[in-house]
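**Q** Pasting final-v9.txt here (compact mmCIF, C-alpha atoms):
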```
# COMPACT_ATOMS: atom_id res chain seq x y z
CA MET A 1 2.77 1.84 24.25
CA GLU A 2 4.66 5.10 23.97
CA SER A 3 2.68 7.96 25.51
CA TRP A 4 2.88 11.43 23.90
CA ASN A 5 1.81 14.86 25.14
CA ASP A 6 -1.44 14.67 23.23
CA PRO A 7 -3.67 11.73 24.26
CA ARG A 8 -5.54 11.64 20.95
CA LEU A 9 -2.33 11.57 18.94
CA THR A 10 -0.96 8.89 21.29
CA LYS A 11 -3.82 6.59 20.28
CA GLN A 12 -3.48 7.39 16.60
CA MET A 13 0.26 6.72 16.65
CA ALA A 14 -0.24 3.45 18.55
CA PHE A 15 -2.64 2.34 15.82
CA LEU A 16 -0.29 3.41 13.00
CA VAL A 17 2.64 1.57 14.57
CA GLU A 18 0.49 -1.54 15.15
CA ALA A 19 -0.48 -1.41 11.47
CA ASP A 20 3.17 -2.11 10.62
CA LYS A 21 2.53 -5.76 11.52
CA LEU A 22 0.46 -6.22 8.34
CA LYS A 23 3.81 -6.32 6.53
CA ASN A 24 4.53 -9.64 8.22
CA VAL A 25 1.25 -11.28 7.18
CA LEU A 26 2.07 -13.50 4.22
CA ARG A 27 -0.37 -14.42 1.48
CA ARG A 28 -0.31 -17.60 -0.58
CA THR A 29 0.62 -15.82 -3.79
CA LEU A 30 4.18 -15.09 -4.87
CA LEU A 31 5.43 -11.81 -6.27
CA THR A 32 5.23 -11.86 -10.06
CA ASP A 33 8.98 -12.57 -10.25
CA GLY A 34 8.46 -15.63 -8.06
CA SER A 35 11.08 -14.47 -5.54
CA ARG A 36 8.98 -14.63 -2.36
CA ARG A 37 5.43 -14.63 -0.97
CA GLU A 38 3.53 -11.38 -1.05
CA ASN A 39 2.50 -9.71 2.19
CA SER A 40 -0.86 -8.14 2.90
CA ALA A 41 0.44 -4.57 3.24
CA GLU A 42 2.00 -4.43 -0.21
CA HIS A 43 -1.08 -6.21 -1.59
CA SER A 44 -3.22 -3.45 -0.06
CA TRP A 45 -1.15 -0.84 -1.89
CA HIS A 46 -1.33 -2.75 -5.15
CA ILE A 47 -5.11 -3.07 -5.12
CA GLY A 48 -5.35 0.67 -4.47
CA LEU A 49 -3.38 1.12 -7.68
CA LEU A 50 -5.67 -1.37 -9.46
CA ALA A 51 -8.69 0.62 -8.33
CA LEU A 52 -7.15 3.85 -9.62
CA THR A 53 -6.13 2.34 -12.95
CA LEU A 54 -9.26 0.29 -13.67
CA HIS A 55 -11.93 2.61 -12.27
CA GLU A 56 -13.24 3.33 -15.78
CA TYR A 57 -14.58 -0.25 -15.94
CA ALA A 58 -16.71 0.01 -12.80
CA ALA A 59 -20.40 -0.56 -13.49
CA GLU A 60 -23.02 2.14 -12.92
CA PRO A 61 -23.64 3.68 -10.45
CA LYS A 62 -19.96 4.63 -10.60
CA PRO A 63 -18.22 4.14 -7.24
CA ASP A 64 -16.48 7.11 -5.65
CA LEU A 65 -12.84 6.24 -6.20
CA GLY A 66 -11.50 7.96 -3.09
CA HIS A 67 -13.92 6.06 -0.89
CA ALA A 68 -13.19 2.74 -2.62
CA ILE A 69 -9.47 3.25 -1.96
CA ARG A 70 -10.16 4.05 1.71
CA LEU A 71 -11.94 0.68 2.00
CA LEU A 72 -8.95 -1.03 0.42
CA LEU A 73 -6.41 0.66 2.70
CA VAL A 74 -8.23 -0.54 5.81
CA HIS A 75 -9.87 -3.85 4.95
CA ASP A 76 -6.93 -6.22 5.48
CA LEU A 77 -5.77 -4.84 8.84
CA VAL A 78 -7.78 -7.50 10.68
CA GLU A 79 -5.31 -10.06 9.30
CA ILE A 80 -2.75 -8.84 11.87
CA ASP A 81 -4.64 -10.98 14.39
CA ALA A 82 -6.75 -13.23 12.19
CA GLY A 83 -4.16 -14.11 9.54
CA ASP A 84 -4.75 -14.27 5.82
CA THR A 85 -7.41 -16.86 5.03
CA PHE A 86 -6.63 -18.53 1.73
CA ALA A 87 -9.46 -17.96 -0.75
CA TYR A 88 -10.02 -21.68 -1.32
CA ASP A 89 -9.63 -22.84 2.29
CA GLU A 90 -13.11 -24.00 3.32
CA GLN A 91 -12.08 -24.85 6.86
CA GLY A 92 -10.38 -21.48 7.32
CA TYR A 93 -13.55 -19.77 6.18
CA SER A 94 -15.70 -21.50 8.79
CA ASP A 95 -14.52 -19.22 11.59
CA LYS A 96 -13.10 -16.37 9.49
CA GLU A 97 -15.90 -13.97 10.35
CA GLU A 98 -15.62 -14.51 14.09
CA ARG A 99 -11.81 -14.21 14.10
CA GLU A 100 -11.89 -11.07 12.01
CA LYS A 101 -14.59 -9.41 14.09
CA ALA A 102 -12.52 -9.81 17.24
CA ALA A 103 -9.47 -8.53 15.38
CA ALA A 104 -11.32 -5.48 14.10
CA ARG A 105 -12.48 -4.63 17.62
CA ARG A 106 -8.96 -4.85 19.02
CA ILE A 107 -7.03 -3.16 16.21
CA PHE A 108 -9.45 -0.34 15.36
CA GLY A 109 -10.06 -0.06 19.11
CA LEU A 110 -6.56 1.38 19.46
CA LEU A 111 -7.84 4.57 17.78
CA PRO A 112 -9.79 7.39 19.47
CA ASP A 113 -13.46 6.36 19.79
CA ASP A 114 -14.77 8.36 16.83
CA GLN A 115 -12.15 6.84 14.55
CA THR A 116 -12.72 3.35 15.96
CA ASP A 117 -16.31 3.74 14.81
CA SER A 118 -15.47 5.08 11.37
CA TYR A 119 -12.80 2.43 10.66
CA LEU A 120 -15.11 -0.35 11.85
CA ALA A 121 -17.72 1.08 9.48
CA LEU A 122 -15.25 1.04 6.57
CA TRP A 123 -14.26 -2.53 7.35
CA ARG A 124 -17.90 -3.68 7.61
CA GLU A 125 -18.83 -1.88 4.42
CA PHE A 126 -16.10 -3.74 2.55
CA GLU A 127 -17.09 -7.10 4.06
CA GLU A 128 -20.79 -6.63 3.32
CA GLY A 129 -19.99 -5.66 -0.27
CA ARG A 130 -23.23 -3.84 -0.99
CA THR A 131 -22.32 -0.22 -1.79
CA PRO A 132 -20.90 0.57 -5.26
CA GLU A 133 -17.56 1.34 -3.59
CA ALA A 134 -17.48 -1.95 -1.68
CA LEU A 135 -18.48 -3.92 -4.79
CA PHE A 136 -15.70 -2.35 -6.82
CA ALA A 137 -13.15 -2.69 -4.00
CA ASN A 138 -14.00 -6.39 -3.66
CA ALA A 139 -13.65 -6.82 -7.42
CA VAL A 140 -10.07 -5.49 -7.55
CA ASP A 141 -9.19 -7.44 -4.41
CA ARG A 142 -10.25 -10.65 -6.19
CA LEU A 143 -8.61 -9.72 -9.48
CA HIS A 144 -5.17 -9.01 -8.04
CA PRO A 145 -4.01 -12.56 -7.16
CA LEU A 146 -4.94 -13.69 -10.68
CA LEU A 147 -2.20 -11.47 -12.07
CA ASN A 148 0.35 -12.95 -9.66
CA ASN A 149 -0.76 -16.51 -10.29
CA PHE A 150 -0.67 -16.06 -14.04
CA ALA A 151 2.81 -14.50 -13.89
CA THR A 152 4.11 -17.35 -11.72
CA GLU A 153 2.62 -20.09 -13.91
CA GLY A 154 -0.13 -20.85 -11.44
CA TYR A 155 2.06 -21.22 -8.36
CA SER A 156 -0.58 -20.99 -5.63
CA TRP A 157 -3.25 -22.71 -7.76
CA LYS A 158 -0.95 -25.71 -8.27
CA GLN A 159 0.26 -25.72 -4.66
CA ASN A 160 -3.31 -25.94 -3.45
CA GLY A 161 -4.95 -28.01 -6.21
CA VAL A 162 -7.33 -25.21 -7.19
CA LEU A 163 -9.66 -25.73 -10.18
CA ARG A 164 -10.84 -23.24 -12.77
CA SER A 165 -14.43 -23.64 -11.56
CA GLN A 166 -13.36 -22.57 -8.07
CA VAL A 167 -11.54 -19.52 -9.37
CA ARG A 168 -14.50 -18.58 -11.55
CA ALA A 169 -16.87 -18.80 -8.59
CA ARG A 170 -14.50 -16.66 -6.53
CA MET A 171 -14.48 -14.02 -9.30
CA GLN A 172 -18.27 -13.59 -9.22
CA PRO A 173 -18.03 -10.11 -7.61
CA ILE A 174 -16.13 -8.95 -10.69
CA ARG A 175 -19.07 -9.91 -12.96
CA ASP A 176 -21.36 -7.59 -11.04
CA ALA A 177 -18.96 -4.77 -10.34
CA ALA A 178 -17.04 -4.54 -13.61
CA PRO A 179 -18.34 -6.75 -16.48
CA LYS A 180 -15.50 -5.81 -18.82
CA LEU A 181 -12.96 -7.02 -16.27
CA ALA A 182 -14.91 -10.27 -15.99
CA ALA A 183 -14.33 -10.85 -19.71
CA PHE A 184 -10.62 -10.30 -19.08
CA VAL A 185 -10.73 -12.81 -16.21
CA ASP A 186 -12.30 -15.46 -18.46
CA GLU A 187 -9.66 -14.86 -21.10
CA LEU A 188 -6.87 -15.13 -18.52
CA LEU A 189 -8.29 -18.33 -17.00
CA GLN A 190 -8.63 -19.93 -20.43
CA ARG A 191 -4.97 -19.20 -21.18
CA ALA A 192 -4.00 -20.45 -17.73
CA VAL A 193 -5.76 -23.76 -18.43
CA ASP A 194 -4.29 -23.98 -21.97
CA ARG A 195 -0.78 -23.48 -20.62
CA GLY A 196 -1.17 -25.91 -17.73
CA PHE A 197 -1.09 -23.24 -14.98
CA LEU A 198 -4.58 -24.15 -13.75
CA ALA A 199 -6.45 -27.47 -13.75
CA ASP A 200 -9.83 -27.67 -15.44
CA ARG A 201 -10.97 -30.75 -13.46
CA PRO A 202 -9.68 -32.75 -10.49
CA GLN A 203 -6.46 -34.62 -11.25
CA PRO A 204 -6.74 -38.43 -10.93
CA GLU A 205 -5.27 -39.64 -7.60
CA GLY A 206 -1.83 -41.13 -7.79
CA GLY A 207 -2.05 -40.25 -11.54
CA MET B 1 4.42 -8.52 -22.50
CA GLU B 2 1.28 -10.63 -22.52
CA SER B 3 -1.18 -9.38 -25.14
CA TRP B 4 -4.92 -9.56 -24.39
CA ASN B 5 -7.98 -9.16 -26.63
CA ASP B 6 -8.41 -5.55 -25.59
CA PRO B 7 -5.41 -3.33 -26.44
CA ARG B 8 -6.24 -0.73 -23.78
CA LEU B 9 -6.53 -3.37 -21.06
CA THR B 10 -3.30 -4.95 -22.31
CA LYS B 11 -1.45 -1.72 -21.54
CA GLN B 12 -3.12 -1.27 -18.17
CA MET B 13 -2.30 -4.83 -17.12
CA ALA B 14 1.31 -4.45 -18.27
CA PHE B 15 1.59 -1.38 -16.04
CA LEU B 16 -0.04 -3.10 -13.08
CA VAL B 17 2.26 -6.11 -13.38
CA GLU B 18 5.31 -3.84 -13.74
CA ALA B 19 4.22 -2.06 -10.55
CA ASP B 20 4.84 -5.32 -8.68
CA LYS B 21 8.56 -4.52 -8.83
CA LEU B 22 8.13 -1.74 -6.27
CA LYS B 23 7.91 -4.55 -3.70
CA ASN B 24 11.58 -5.29 -4.33
CA VAL B 25 12.77 -1.71 -3.81
CA LEU B 26 14.21 -1.58 -0.29
CA ARG B 27 14.29 1.51 1.88
CA ARG B 28 16.86 2.29 4.58
CA THR B 29 14.36 1.92 7.41
CA LEU B 30 13.55 -1.34 9.15
CA LEU B 31 10.08 -2.57 10.01
CA THR B 32 9.17 -1.48 13.53
CA ASP B 33 9.96 -5.00 14.83
CA GLY B 34 13.45 -4.70 13.34
CA SER B 35 13.06 -7.93 11.35
CA ARG B 36 13.93 -6.61 7.89
CA ARG B 37 14.15 -3.52 5.69
CA GLU B 38 10.90 -1.99 4.53
CA ASN B 39 10.05 -1.93 0.84
CA SER B 40 8.57 1.01 -1.03
CA ALA B 41 5.26 -0.70 -1.87
CA GLU B 42 4.32 -1.43 1.73
CA HIS B 43 5.57 2.06 2.67
CA SER B 44 3.19 3.49 0.06
CA TRP B 45 0.30 1.64 1.69
CA HIS B 46 1.31 2.76 5.15
CA ILE B 47 1.47 6.46 4.26
CA GLY B 48 -2.00 6.15 2.72
CA LEU B 49 -3.15 4.95 6.13
CA LEU B 50 -1.29 7.83 7.80
CA ALA B 51 -3.07 10.29 5.51
CA LEU B 52 -6.45 8.76 6.35
CA THR B 53 -5.78 8.71 10.09
CA LEU B 54 -4.12 12.12 10.45
CA HIS B 55 -6.13 14.13 7.92
CA GLU B 56 -7.76 16.13 10.72
CA TYR B 57 -4.40 17.83 11.37
CA ALA B 58 -3.95 19.13 7.82
CA ALA B 59 -3.72 22.92 7.68
CA GLU B 60 -6.29 25.03 5.85
CA PRO B 61 -7.20 24.90 3.03
CA LYS B 62 -7.98 21.27 3.87
CA PRO B 63 -6.61 18.88 1.25
CA ASP B 64 -9.00 16.52 -0.49
CA LEU B 65 -8.14 13.22 1.16
CA GLY B 66 -8.96 11.00 -1.83
CA HIS B 67 -6.68 13.03 -4.06
CA ALA B 68 -3.87 13.08 -1.49
CA ILE B 69 -4.04 9.28 -1.29
CA ARG B 70 -3.92 9.02 -5.10
CA LEU B 71 -0.67 11.02 -5.03
CA LEU B 72 0.72 8.66 -2.40
CA LEU B 73 -0.22 5.50 -4.30
CA VAL B 74 1.63 6.66 -7.39
CA HIS B 75 4.54 8.80 -6.24
CA ASP B 76 7.10 6.07 -5.43
CA LEU B 77 6.66 4.03 -8.62
CA VAL B 78 9.61 5.82 -10.25
CA GLU B 79 11.84 4.02 -7.73
CA ILE B 80 11.41 0.82 -9.78
CA ASP B 81 14.03 2.28 -12.13
CA ALA B 82 15.57 5.07 -10.07
CA GLY B 83 15.87 3.27 -6.72
CA ASP B 84 15.06 4.72 -3.33
CA THR B 85 17.24 7.76 -2.67
CA PHE B 86 18.06 7.94 1.04
CA ALA B 87 16.76 11.19 2.51
CA TYR B 88 20.21 12.25 3.76
CA ASP B 89 22.25 11.16 0.74
CA GLU B 90 23.48 14.41 -0.85
CA GLN B 91 25.23 12.67 -3.71
CA GLY B 92 22.15 10.58 -4.49
CA TYR B 93 20.08 13.73 -4.62
CA SER B 94 22.33 15.38 -7.20
CA ASP B 95 20.87 13.35 -10.09
CA LYS B 96 17.66 12.17 -8.41
CA GLU B 97 15.43 14.43 -10.49
CA GLU B 98 16.89 13.32 -13.79
CA ARG B 99 16.78 9.63 -12.92
CA GLU B 100 13.21 9.86 -11.69
CA LYS B 101 12.01 11.81 -14.73
CA ALA B 102 13.28 9.11 -17.06
CA ALA B 103 11.72 6.46 -14.83
CA ALA B 104 8.37 8.23 -14.83
CA ARG B 105 8.37 8.44 -18.62
CA ARG B 106 9.08 4.73 -18.99
CA ILE B 107 6.83 3.35 -16.25
CA PHE B 108 3.79 5.60 -16.73
CA GLY B 109 4.43 5.28 -20.48
CA LEU B 110 3.28 1.66 -20.24
CA LEU B 111 -0.28 2.95 -19.73
CA PRO B 112 -2.67 4.16 -22.46
CA ASP B 113 -1.76 7.74 -23.45
CA ASP B 114 -4.50 9.49 -21.46
CA GLN B 115 -3.47 7.64 -18.31
CA THR B 116 0.23 8.24 -18.97
CA ASP B 117 -0.60 11.93 -18.88
CA SER B 118 -2.73 11.78 -15.75
CA TYR B 119 -0.22 9.64 -13.80
CA LEU B 120 2.66 11.89 -14.84
CA ALA B 121 0.58 14.82 -13.62
CA LEU B 122 0.00 13.11 -10.25
CA TRP B 123 3.69 12.35 -9.90
CA ARG B 124 4.69 15.93 -10.81
CA GLU B 125 2.11 17.37 -8.44
CA PHE B 126 3.57 15.37 -5.57
CA GLU B 127 7.15 16.32 -6.46
CA GLU B 128 6.34 20.02 -6.81
CA GLY B 129 4.55 19.99 -3.46
CA ARG B 130 2.45 23.10 -4.03
CA THR B 131 -1.20 22.02 -3.87
CA PRO B 132 -2.78 21.39 -0.45
CA GLU B 133 -2.95 17.68 -1.35
CA ALA B 134 0.71 17.50 -2.36
CA LEU B 135 1.79 19.40 0.76
CA PHE B 136 -0.12 17.02 3.01
CA ALA B 137 1.04 13.93 1.08
CA ASN B 138 4.65 15.05 1.41
CA ALA B 139 4.14 15.62 5.13
CA VAL B 140 2.97 12.07 5.85
CA ASP B 141 5.68 10.68 3.57
CA ARG B 142 8.29 12.46 5.73
CA LEU B 143 6.64 11.55 9.01
CA HIS B 144 6.47 7.80 8.36
CA PRO B 145 10.17 6.85 8.65
CA LEU B 146 10.34 8.69 12.00
CA LEU B 147 7.96 6.13 13.47
CA ASN B 148 10.11 3.26 12.19
CA ASN B 149 13.34 4.87 13.32
CA PHE B 150 11.96 5.59 16.76
CA ALA B 151 10.65 2.03 17.13
CA THR B 152 14.01 0.55 16.08
CA GLU B 153 16.05 2.78 18.41
CA GLY B 154 17.26 4.95 15.57
CA TYR B 155 18.49 2.17 13.30
CA SER B 156 18.85 4.07 10.03
CA TRP B 157 19.86 7.30 11.77
CA LYS B 158 22.74 5.51 13.50
CA GLN B 159 23.69 3.51 10.41
CA ASN B 160 24.05 6.71 8.45
CA GLY B 161 25.28 9.15 11.10
CA VAL B 162 22.25 11.38 10.78
CA LEU B 163 21.90 14.39 13.12
CA ARG B 164 18.78 15.88 14.69
CA SER B 165 19.32 19.11 12.74
CA GLN B 166 19.20 17.15 9.49
CA VAL B 167 16.01 15.36 10.45
CA ARG B 168 14.43 18.65 11.53
CA ALA B 169 15.28 20.27 8.20
CA ARG B 170 13.84 17.26 6.37
CA MET B 171 10.60 17.62 8.36
CA GLN B 172 10.04 21.23 7.23
CA PRO B 173 7.10 20.26 4.97
CA ILE B 174 5.27 19.02 8.07
CA ARG B 175 5.51 22.48 9.69
CA ASP B 176 3.66 24.02 6.77
CA ALA B 177 1.18 21.22 6.05
CA ALA B 178 0.23 20.12 9.57
CA PRO B 179 1.60 22.27 12.45
CA LYS B 180 0.22 19.96 15.14
CA LEU B 181 2.13 17.05 13.67
CA ALA B 182 5.27 19.22 13.66
CA ALA B 183 4.91 19.58 17.45
CA PHE B 184 4.71 15.79 17.66
CA VAL B 185 7.85 15.48 15.52
CA ASP B 186 9.78 17.80 17.86
CA GLU B 187 8.64 15.80 20.87
CA LEU B 188 9.67 12.54 19.21
CA LEU B 189 13.08 13.89 18.16
CA GLN B 190 13.76 15.17 21.67
CA ARG B 191 13.02 11.74 23.12
CA ALA B 192 15.13 10.12 20.42
CA VAL B 193 18.08 12.33 21.40
CA ASP B 194 17.46 11.76 25.14
CA ARG B 195 17.49 7.98 24.64
CA GLY B 196 20.53 7.96 22.39
CA PHE B 197 18.66 6.96 19.21
CA LEU B 198 19.69 10.14 17.40
CA ALA B 199 22.80 12.31 17.69
CA ASP B 200 22.43 15.98 18.47
CA ARG B 201 25.86 16.96 17.07
CA PRO B 202 28.60 15.24 15.06
CA GLN B 203 30.37 12.48 17.01
CA PRO B 204 34.12 13.06 17.48
CA GLU B 205 36.16 11.00 14.98
CA GLY B 206 37.71 7.85 16.33
CA GLY B 207 36.16 8.83 19.70
```
Take the structure in the file and give it back as structure tokens.

**A**
Amino acid sequence: MESWNDPRLTKQMAFLVEADKLKNVLRRTLLTDGSRRENSAEHSWHIGLLALTLHEYAAEPKPDLGHAIRLLLVHDLVEIDAGDTFAYDEQGYSDKEEREKAAARRIFGLLPDDQTDSYLALWREFEEGRTPEALFANAVDRLHPLLNNFATEGYSWKQNGVLRSQVRARMQPIRDAAPKLAAFVDELLQRAVDRGFLADRPQPEGG
Amino acid sequence: MESWNDPRLTKQMAFLVEADKLKNVLRRTLLTDGSRRENSAEHSWHIGLLALTLHEYAAEPKPDLGHAIRLLLVHDLVEIDAGDTFAYDEQGYSDKEEREKAAARRIFGLLPDDQTDSYLALWREFEEGRTPEALFANAVDRLHPLLNNFATEGYSWKQNGVLRSQVRARMQPIRDAAPKLAAFVDELLQRAVDRGFLADRPQPEGG
């Protein structure tokens, strides 16, 4: 680690340089043009833009937008160590919490102590999903891959044999946090099924 | 464009899908591990994180952090049409304003009218750089590529024959918006020159 004149700034810069690694964490979804897999850093930007654009649909009590975006900027950093766990990977989810906790301690631990605490608090708030800001942040985080999957004719749904019922269950946070967006999700999933992007029931083996 | 039941949401979703293209706009800087060029979407996320982490250094009057991050989320979207103009490309800068204005009208014009207006206002505020939030946002936007260039031993400086005096001039907004960060910049540039990452004066031709 490069050491600078100011010890506090040295820690902050070490953290900010470490954060660069999120750009190498690949998600299962493709970009909407299908050219390559999306990484978690650009996803984090995109969901910030979703939050800004769709904030009007957040349920009462209205989340503070600035705080919701702070949660979104920080929440995926644990993936630098823990990797991106695919939404429909049951095995991956079994130890997701433990892996991500250790990652949060190491990565946010690069910061000065007071910021370690405040970033850990932001990350926990997002994970617990109880405040209006965390509910809304989780909702846009779930909504985003739907847009990519729809644009790429269901690429990661097909690749992983995902069913509409699984996607609907995964979108539950949207029903609570932004009911109008939930209606949009249902409309999108219906079209995805109608166009063959998403399966409505398990496909027969060896069909 | 996909048309949904709700005309307002149709426009918002068209904008959010269009925004995906920012992930294909490449900057001159490499990731800190040198593996590939950075794109403008992941850069936009990273400078949001810089703003969050370095906000304590912002000069008085303290910028509102949430608003500064909103400026950062939106400001690079014009590059979808106008491309990324390299900081030290004088020719590129000659028509940058015109190209970006047209881009802003088209891209933010995808949104419902009230949001077109508010996003154009955010973009203009960043470009004009007069509010405390725009000053601070510009400062972190300038600071970010220094970290990448330092980590990659001056890759884009060397590629483009950039001199310390040019980088220092480019960093002027940091002096006004966050003096402590300006001291860090000077320290970093001195080390970059000492280690041969950055030239202090023009190299003799054919030397």

**Q** How far is it from CA of Asp200 (chain B) to CA of Gln172 (chain B), in Å with one decimal?

**A**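 Spanning CA of Asp200 (chain B) to CA of Gln172 (chain B) is a straight-line distance of 17.5 Å.
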
**Q** Using only C-alpha atoms, find the one residue out of A:Arg142, A:Arg27, A:Arg70, A:His55 that sits nearest to chain B.

**A**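 Among the listed residues, A:Arg70 lies closest to chain B.
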
**Q** So, with all atoms listed in the file as the atoms that count, which of B:Arg28, B:Arg130, B:His67, B:Arg164 lies closest to chain A?

**A**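 Distance minimum relative to chain A lands on B:His67.
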
**Q** So, counting only C-alpha atoms, which residue among A:Pro145, A:Gly129, A:Gly83, A:Pro61 is closest to chain B?

**A**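 The shortest atom-to-atom distance to chain B comes from A:Pro145.
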
**Q** Kindly determine which residues of chain A lie within 9 Å of chain B, considering all atoms listed in the file, and give the answer as a PDB file with C-alpha atoms, in the coordinates of the input.

**A**
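As a result, result.pdb now contains:
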```pdb
ATOM      1  CA  TRP A   4       2.880  11.430  23.900  1.00  0.00           C
ATOM      2  CA  ASN A   5       1.810  14.860  25.140  1.00  0.00           C
ATOM      3  CA  ASP A   6      -1.440  14.670  23.230  1.00  0.00           C
ATOM      4  CA  LEU A   9      -2.330  11.570  18.940  1.00  0.00           C
ATOM      5  CA  GLN A  12      -3.480   7.390  16.600  1.00  0.00           C
ATOM      6  CA  MET A  13       0.260   6.720  16.650  1.00  0.00           C
ATOM      7  CA  LEU A  16      -0.290   3.410  13.000  1.00  0.00           C
ATOM      8  CA  VAL A  17       2.640   1.570  14.570  1.00  0.00           C
ATOM      9  CA  GLU A  18       0.490  -1.540  15.150  1.00  0.00           C
ATOM     10  CA  ALA A  19      -0.480  -1.410  11.470  1.00  0.00           C
ATOM     11  CA  ASP A  20       3.170  -2.110  10.620  1.00  0.00           C
ATOM     12  CA  LYS A  21       2.530  -5.760  11.520  1.00  0.00           C
ATOM     13  CA  LYS A  23       3.810  -6.320   6.530  1.00  0.00           C
ATOM     14  CA  LEU A  31       5.430 -11.810  -6.270  1.00  0.00           C
ATOM     15  CA  THR A  32       5.230 -11.860 -10.060  1.00  0.00           C
ATOM     16  CA  ASP A  33       8.980 -12.570 -10.250  1.00  0.00           C
ATOM     17  CA  GLU A  38       3.530 -11.380  -1.050  1.00  0.00           C
ATOM     18  CA  ASN A  39       2.500  -9.710   2.190  1.00  0.00           C
ATOM     19  CA  SER A  40      -0.860  -8.140   2.900  1.00  0.00           C
ATOM     20  CA  ALA A  41       0.440  -4.570   3.240  1.00  0.00           C
ATOM     21  CA  GLU A  42       2.000  -4.430  -0.210  1.00  0.00           C
ATOM     22  CA  HIS A  43      -1.080  -6.210  -1.590  1.00  0.00           C
ATOM     23  CA  SER A  44      -3.220  -3.450  -0.060  1.00  0.00           C
ATOM     24  CA  TRP A  45      -1.150  -0.840  -1.890  1.00  0.00           C
ATOM     25  CA  HIS A  46      -1.330  -2.750  -5.150  1.00  0.00           C
ATOM     26  CA  GLY A  48      -5.350   0.670  -4.470  1.00  0.00           C
ATOM     27  CA  LEU A  49      -3.380   1.120  -7.680  1.00  0.00           C
ATOM     28  CA  LEU A  50      -5.670  -1.370  -9.460  1.00  0.00           C
ATOM     29  CA  LEU A  52      -7.150   3.850  -9.620  1.00  0.00           C
ATOM     30  CA  THR A  53      -6.130   2.340 -12.950  1.00  0.00           C
ATOM     31  CA  LEU A  54      -9.260   0.290 -13.670  1.00  0.00           C
ATOM     32  CA  LEU A  65     -12.840   6.240  -6.200  1.00  0.00           C
ATOM     33  CA  GLY A  66     -11.500   7.960  -3.090  1.00  0.00           C
ATOM     34  CA  HIS A  67     -13.920   6.060  -0.890  1.00  0.00           C
ATOM     35  CA  ILE A  69      -9.470   3.250  -1.960  1.00  0.00           C
ATOM     36  CA  ARG A  70     -10.160   4.050   1.710  1.00  0.00           C
ATOM     37  CA  LEU A  73      -6.410   0.660   2.700  1.00  0.00           C
ATOM     38  CA  VAL A  74      -8.230  -0.540   5.810  1.00  0.00           C
ATOM     39  CA  LEU A 111      -7.840   4.570  17.780  1.00  0.00           C
ATOM     40  CA  GLN A 115     -12.150   6.840  14.550  1.00  0.00           C
ATOM     41  CA  LEU A 147      -2.200 -11.470 -12.070  1.00  0.00           C
ATOM     42  CA  ASN A 148       0.350 -12.950  -9.660  1.00  0.00           C
ATOM     43  CA  ALA A 151       2.810 -14.500 -13.890  1.00  0.00           C
ATOM     44  CA  LEU A 181     -12.960  -7.020 -16.270  1.00  0.00           C
ATOM     45  CA  PHE A 184     -10.620 -10.300 -19.080  1.00  0.00           C
ATOM     46  CA  GLU A 187      -9.660 -14.860 -21.100  1.00  0.00           C
ATOM     47  CA  LEU A 188      -6.870 -15.130 -18.520  1.00  0.00           C
TER      48      LEU A 188
END
```

**Q** Using the partial input, fill out region 78-85 of chain A with N, CA, C and O atoms; write the result as a compact mmCIF listing (two decimals), in the frame of the given file.

**A**
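out28.txt, freshly written:
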```txt
# COMPACT_ATOMS: atom_id res chain seq x y z
N VAL A 78 -7.36 -6.45 9.74
CA VAL A 78 -7.78 -7.50 10.68
C VAL A 78 -6.88 -8.73 10.60
O VAL A 78 -6.81 -9.52 11.55
N GLU A 79 -6.18 -8.89 9.47
CA GLU A 79 -5.31 -10.06 9.30
C GLU A 79 -4.13 -10.04 10.28
O GLU A 79 -3.47 -11.07 10.46
N ILE A 80 -3.83 -8.90 10.87
CA ILE A 80 -2.75 -8.84 11.87
C ILE A 80 -3.03 -9.85 12.98
O ILE A 80 -2.14 -10.56 13.43
N ASP A 81 -4.28 -9.96 13.39
CA ASP A 81 -4.64 -10.98 14.39
C ASP A 81 -5.19 -12.25 13.76
O ASP A 81 -4.94 -13.35 14.23
N ALA A 82 -5.98 -12.10 12.70
CA ALA A 82 -6.75 -13.23 12.19
C ALA A 82 -6.01 -14.00 11.11
O ALA A 82 -6.44 -15.09 10.71
N GLY A 83 -4.90 -13.45 10.61
CA GLY A 83 -4.16 -14.11 9.54
C GLY A 83 -4.87 -13.97 8.21
O GLY A 83 -6.04 -13.59 8.15
N ASP A 84 -4.14 -14.27 7.15
CA ASP A 84 -4.75 -14.27 5.82
C ASP A 84 -5.41 -15.62 5.59
O ASP A 84 -4.76 -16.66 5.71
N THR A 85 -6.71 -15.60 5.31
CA THR A 85 -7.41 -16.86 5.03
C THR A 85 -7.37 -17.11 3.54
O THR A 85 -7.85 -16.28 2.76
```
